[in-house]
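Below: one structure, written as structure tokens.
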Amino acid sequence: MRLCAVMRTFLKSRSRCGAWDRLLQKQSRASICSHVHSFNEANIREKLQAFPGGSIDLLKQDSGIAVLTINNPSRMNALSGSMMLDLEEKVTQLENWTDGKGLIVCGAAETFCSGSDLSAVRAISNTQDGMMMCMFMQNTLTRLLRLPLISVALVEGKALGGGAEFITACDFRLMAPDSVIQFVHKHMGLVPGWGGAARLVRIVGAQKALQLLAGALKVNPTLGLQIGLVDEVLKDLHTDMAVGTTLKQAEQWLSNYVKGPVPVIQAVKKVVLSGRELPLSEALRTEMSVFGTVWGGPANLQALANKSKHK
Ligand SMILES: CC[C@@H](C(=O)O)C(=O)SCCNC(=O)CCNC(=O)[C@H](O)C(C)(C)COP(=O)(O)OP(=O)(O)OC[C@H]1O[C@@H](n2cnc3c(N)ncnc32)[C@H](O)[C@@H]1OP(=O)(O)O
């Protein structure tokens, strides 16, 4: 390809990257499931607001790693309706965090999340409202997974039901030694509704996903590593092997993958995201447009300059 044609492709790819970001932003704002059952966003927000309690806390750090805490300890961090709204608002903040590189999702009081708040579940047990809540959470967790940040779920204590679904909406999962992940839905006469089944199949494969859901299996760290649901087991805090708290250990683990300039780390997540979600030809186009945002960028030019010193 002649140089001018290469430059044309390169310049187009830069502009197309803007198209990728616009696509992602458009998708994230629009309801991913809005086409189903006349999903009336205002209506579901009003209903969820009627179930208060707890909070979703967000700490954005100078290191570029944010910590999102599911905070409802008197309810084992069960997600109330207002927490679901809180979660969506925090995901929007993270979508607009231009300095972000990583995200750790954890629970307060050394436990992760015991799913939907059962008092809310009882109150919105009619099909229409149940499906609206599911669609709201599917949209929010899909947007969480699509953040241009490398995300980690830090599981301590219990991640049950919707809490188990929540961890599938992160890129990686770390477990504390005595923690448990359990898709308890079958015991509730349910199946996952927050997108957890679709994501679980993509993480562990259909066979293992079927066993975890149909058996409502308790996943301890050993089993989690074995089936590929868990990426690392943290050191027991009561041994001298552990360096600091579980959160510090998780930050240490994640820092290995977010070392580097923000634009490069965000570009890495975007190209993997498109490879995971888009058909091959579209993924290849996206990869080129994302490549165009870092090729000749400050980090690339600095690396080249450093290389030339080693001649
Ligand atoms: C799409 C999935 C989604 C949905 O369909 O909407 C769901 O997630 S459905 C909910 C699925 N989750 C569960 O079924 C877990 C229910 N909780 C438990 O099994 C246990 O509480 C526990 C998490 C295993 C902890 O047991 P234990 O250590 O014995 O503590 P307690 O049971 O006494 O709990 C302490 C306290 O917390 C309250 N609690 C716990 N989980 C929930 C919850 N999901 N919703 C509301 N409240 C919850 C529990 O009631 C206790 O409160 P008090 O009795 O007032 O002390």
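Residues are named by chain letter and number: chains run A, B, ... in the order of the structure tokens, numbers start at 1 in each chain, and ligands are numbered from 1 in the order shown.
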Using only C-alpha atoms and all ligand atoms, which residues of chain A come within 10 Å of ligand 1, and what is the closest atom pair for each, with the distance in Å to one decimal? Give it as JSON lines, sorted by chain and residue number.
```
{"residue": "A:Asn72", "atom": "CA", "partner": "ligand 1", "partner_atom_place_in_ligand_line": "37 (O)", "distance": 9.0}
{"residue": "A:Pro73", "atom": "CA", "partner": "ligand 1", "partner_atom_place_in_ligand_line": "37 (O)", "distance": 7.5}
{"residue": "A:Ser74", "atom": "CA", "partner": "ligand 1", "partner_atom_place_in_ligand_line": "37 (O)", "distance": 5.5}
{"residue": "A:Arg75", "atom": "CA", "partner": "ligand 1", "partner_atom_place_in_ligand_line": "37 (O)", "distance": 3.5}
{"residue": "A:Met76", "atom": "CA", "partner": "ligand 1", "partner_atom_place_in_ligand_line": "37 (O)", "distance": 4.8}
{"residue": "A:Asn77", "atom": "CA", "partner": "ligand 1", "partner_atom_place_in_ligand_line": "41 (N)", "distance": 7.3}
{"residue": "A:Ala78", "atom": "CA", "partner": "ligand 1", "partner_atom_place_in_ligand_line": "44 (N)", "distance": 4.7}
{"residue": "A:Leu79", "atom": "CA", "partner": "ligand 1", "partner_atom_place_in_ligand_line": "44 (N)", "distance": 7.3}
{"residue": "A:Ser80", "atom": "CA", "partner": "ligand 1", "partner_atom_place_in_ligand_line": "45 (N)", "distance": 7.9}
{"residue": "A:Thr111", "atom": "CA", "partner": "ligand 1", "partner_atom_place_in_ligand_line": "23 (C)", "distance": 9.0}
{"residue": "A:Phe112", "atom": "CA", "partner": "ligand 1", "partner_atom_place_in_ligand_line": "23 (C)", "distance": 9.5}
{"residue": "A:Cys113", "atom": "CA", "partner": "ligand 1", "partner_atom_place_in_ligand_line": "23 (C)", "distance": 7.7}
{"residue": "A:Ser114", "atom": "CA", "partner": "ligand 1", "partner_atom_place_in_ligand_line": "44 (N)", "distance": 4.7}
{"residue": "A:Gly115", "atom": "CA", "partner": "ligand 1", "partner_atom_place_in_ligand_line": "8 (O)", "distance": 3.3}
{"residue": "A:Ser116", "atom": "CA", "partner": "ligand 1", "partner_atom_place_in_ligand_line": "8 (O)", "distance": 4.1}
{"residue": "A:Asp117", "atom": "CA", "partner": "ligand 1", "partner_atom_place_in_ligand_line": "45 (N)", "distance": 3.4}
{"residue": "A:Leu118", "atom": "CA", "partner": "ligand 1", "partner_atom_place_in_ligand_line": "45 (N)", "distance": 3.9}
{"residue": "A:Ser119", "atom": "CA", "partner": "ligand 1", "partner_atom_place_in_ligand_line": "46 (C)", "distance": 5.9}
{"residue": "A:Ala120", "atom": "CA", "partner": "ligand 1", "partner_atom_place_in_ligand_line": "45 (N)", "distance": 7.9}
{"residue": "A:Val121", "atom": "CA", "partner": "ligand 1", "partner_atom_place_in_ligand_line": "6 (O)", "distance": 5.6}
{"residue": "A:Arg122", "atom": "CA", "partner": "ligand 1", "partner_atom_place_in_ligand_line": "6 (O)", "distance": 9.2}
{"residue": "A:Ile124", "atom": "CA", "partner": "ligand 1", "partner_atom_place_in_ligand_line": "6 (O)", "distance": 9.3}
{"residue": "A:Ser125", "atom": "CA", "partner": "ligand 1", "partner_atom_place_in_ligand_line": "6 (O)", "distance": 9.1}
{"residue": "A:Gly130", "atom": "CA", "partner": "ligand 1", "partner_atom_place_in_ligand_line": "6 (O)", "distance": 7.6}
{"residue": "A:Met131", "atom": "CA", "partner": "ligand 1", "partner_atom_place_in_ligand_line": "6 (O)", "distance": 9.6}
{"residue": "A:Met133", "atom": "CA", "partner": "ligand 1", "partner_atom_place_in_ligand_line": "6 (O)", "distance": 7.9}
{"residue": "A:Cys134", "atom": "CA", "partner": "ligand 1", "partner_atom_place_in_ligand_line": "1 (C)", "distance": 6.7}
{"residue": "A:Met137", "atom": "CA", "partner": "ligand 1", "partner_atom_place_in_ligand_line": "1 (C)", "distance": 8.7}
{"residue": "A:Gln138", "atom": "CA", "partner": "ligand 1", "partner_atom_place_in_ligand_line": "1 (C)", "distance": 9.7}
{"residue": "A:Gly157", "atom": "CA", "partner": "ligand 1", "partner_atom_place_in_ligand_line": "23 (C)", "distance": 8.9}
{"residue": "A:Lys158", "atom": "CA", "partner": "ligand 1", "partner_atom_place_in_ligand_line": "23 (C)", "distance": 6.5}
{"residue": "A:Ala159", "atom": "CA", "partner": "ligand 1", "partner_atom_place_in_ligand_line": "23 (C)", "distance": 8.0}
{"residue": "A:Leu160", "atom": "CA", "partner": "ligand 1", "partner_atom_place_in_ligand_line": "12 (N)", "distance": 5.3}
{"residue": "A:Gly161", "atom": "CA", "partner": "ligand 1", "partner_atom_place_in_ligand_line": "8 (O)", "distance": 3.8}
{"residue": "A:Gly162", "atom": "CA", "partner": "ligand 1", "partner_atom_place_in_ligand_line": "8 (O)", "distance": 3.6}
{"residue": "A:Gly163", "atom": "CA", "partner": "ligand 1", "partner_atom_place_in_ligand_line": "8 (O)", "distance": 6.3}
{"residue": "A:Ala164", "atom": "CA", "partner": "ligand 1", "partner_atom_place_in_ligand_line": "8 (O)", "distance": 8.1}
{"residue": "A:Glu165", "atom": "CA", "partner": "ligand 1", "partner_atom_place_in_ligand_line": "2 (C)", "distance": 7.6}
{"residue": "A:Phe166", "atom": "CA", "partner": "ligand 1", "partner_atom_place_in_ligand_line": "8 (O)", "distance": 9.5}
{"residue": "A:Val180", "atom": "CA", "partner": "ligand 1", "partner_atom_place_in_ligand_line": "24 (C)", "distance": 9.7}
{"residue": "A:Gln182", "atom": "CA", "partner": "ligand 1", "partner_atom_place_in_ligand_line": "12 (N)", "distance": 9.2}
{"residue": "A:Phe183", "atom": "CA", "partner": "ligand 1", "partner_atom_place_in_ligand_line": "11 (C)", "distance": 8.2}
{"residue": "A:Val184", "atom": "CA", "partner": "ligand 1", "partner_atom_place_in_ligand_line": "14 (O)", "distance": 6.2}
{"residue": "A:His185", "atom": "CA", "partner": "ligand 1", "partner_atom_place_in_ligand_line": "2 (C)", "distance": 6.3}
{"residue": "A:Lys186", "atom": "CA", "partner": "ligand 1", "partner_atom_place_in_ligand_line": "11 (C)", "distance": 9.7}
{"residue": "A:His187", "atom": "CA", "partner": "ligand 1", "partner_atom_place_in_ligand_line": "14 (O)", "distance": 7.7}
{"residue": "A:Met188", "atom": "CA", "partner": "ligand 1", "partner_atom_place_in_ligand_line": "14 (O)", "distance": 6.6}
{"residue": "A:Gly189", "atom": "CA", "partner": "ligand 1", "partner_atom_place_in_ligand_line": "5 (O)", "distance": 8.9}
{"residue": "A:Leu190", "atom": "CA", "partner": "ligand 1", "partner_atom_place_in_ligand_line": "5 (O)", "distance": 6.5}
{"residue": "A:Val191", "atom": "CA", "partner": "ligand 1", "partner_atom_place_in_ligand_line": "1 (C)", "distance": 7.0}
{"residue": "A:Pro192", "atom": "CA", "partner": "ligand 1", "partner_atom_place_in_ligand_line": "1 (C)", "distance": 4.8}
{"residue": "A:Gly193", "atom": "CA", "partner": "ligand 1", "partner_atom_place_in_ligand_line": "1 (C)", "distance": 4.5}
{"residue": "A:Trp194", "atom": "CA", "partner": "ligand 1", "partner_atom_place_in_ligand_line": "1 (C)", "distance": 5.5}
{"residue": "A:Gly195", "atom": "CA", "partner": "ligand 1", "partner_atom_place_in_ligand_line": "1 (C)", "distance": 8.5}
{"residue": "A:Gly196", "atom": "CA", "partner": "ligand 1", "partner_atom_place_in_ligand_line": "1 (C)", "distance": 8.2}
```
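Using only C-alpha atoms, the protein and nucleic acid residues lying no more than 12 Å from Ala283 of chain A, apart from those fewer than 3 places from it along its own chain, are Trp20, Lys270, Val271, Val272, Leu273, Ser274, Gly275, Arg276, Glu277, Leu278, Pro279, Leu280, Thr286, Glu287, Met288, Ser289, Val290 and Phe291 of chain A.
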Identify all residues of segment 65-165 of chain A in alpha helix (DSSP H) (DSSP on the backbone) and supply them as a ChimeraX atom specification. /A:81-95,118-123,127-145,162-165
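Of the residues under consideration (A:Met135, A:Ile70, A:Val294, A:Gln249), A:Ile70 shows the shortest atom-to-atom contact distance to Cys106 of chain A when counting only C-alpha atoms.
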Please identify all polymer residues within 12 Å of Pro298 of chain A, counting only C-alpha atoms, omitting same-chain residues fewer than 2 positions from it, and present them as a ChimeraX atom specification. /A:260-264,293-296,300-305
Limited to N, CA and C atoms, could you put the picked residues into a file as a CSV table (one decimal), in the first residue's frame?
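The resulting out_18.csv:
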```csv
chain,number,residue,atom,x,y,z
A,260,GLY,N,1.4,1.8,33.3
A,260,GLY,CA,1.5,2.4,31.9
A,260,GLY,C,0.5,3.5,31.7
A,261,PRO,N,0.7,4.3,30.6
A,261,PRO,CA,-0.1,5.5,30.4
A,261,PRO,C,-1.6,5.1,30.3
A,262,VAL,N,-2.5,6.0,30.8
A,262,VAL,CA,-3.9,5.8,30.7
A,262,VAL,C,-4.4,5.5,29.3
A,263,PRO,N,-4.0,6.2,28.2
A,263,PRO,CA,-4.5,5.9,26.9
A,263,PRO,C,-4.2,4.5,26.4
A,264,VAL,N,-3.0,4.0,26.8
A,264,VAL,CA,-2.6,2.7,26.4
A,264,VAL,C,-3.4,1.6,27.1
A,293,THR,N,-5.3,5.4,17.7
A,293,THR,CA,-5.3,6.4,18.8
A,293,THR,C,-3.9,6.4,19.5
A,294,VAL,N,-3.2,5.3,19.5
A,294,VAL,CA,-1.9,5.2,20.2
A,294,VAL,C,-0.7,5.2,19.4
A,295,TRP,N,-0.9,4.9,18.1
A,295,TRP,CA,0.3,4.9,17.2
A,295,TRP,C,0.7,6.3,17.0
A,296,GLY,N,2.0,6.5,17.3
A,296,GLY,CA,2.6,7.9,17.2
A,296,GLY,C,2.2,8.8,18.3
A,300,ASN,N,4.1,6.0,22.6
A,300,ASN,CA,4.8,5.3,21.5
A,300,ASN,C,6.1,6.0,21.1
A,301,LEU,N,6.0,7.3,21.0
A,301,LEU,CA,7.2,8.1,20.6
A,301,LEU,C,8.3,8.0,21.7
A,302,GLN,N,7.9,8.0,23.0
A,302,GLN,CA,8.8,7.9,24.1
A,302,GLN,C,9.5,6.6,24.0
A,303,ALA,N,8.8,5.5,23.8
A,303,ALA,CA,9.3,4.2,23.7
A,303,ALA,C,10.3,4.1,22.6
A,304,LEU,N,10.0,4.7,21.4
A,304,LEU,CA,10.9,4.7,20.3
A,304,LEU,C,12.2,5.4,20.6
A,305,ALA,N,12.0,6.5,21.3
A,305,ALA,CA,13.2,7.3,21.7
A,305,ALA,C,14.1,6.5,22.6
```
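Closest approach to Lys235 of chain A from the set A:Gly54, A:Gly215, A:Pro221, A:Pro177 is made by A:Pro177, with distances taken over only C-alpha atoms.
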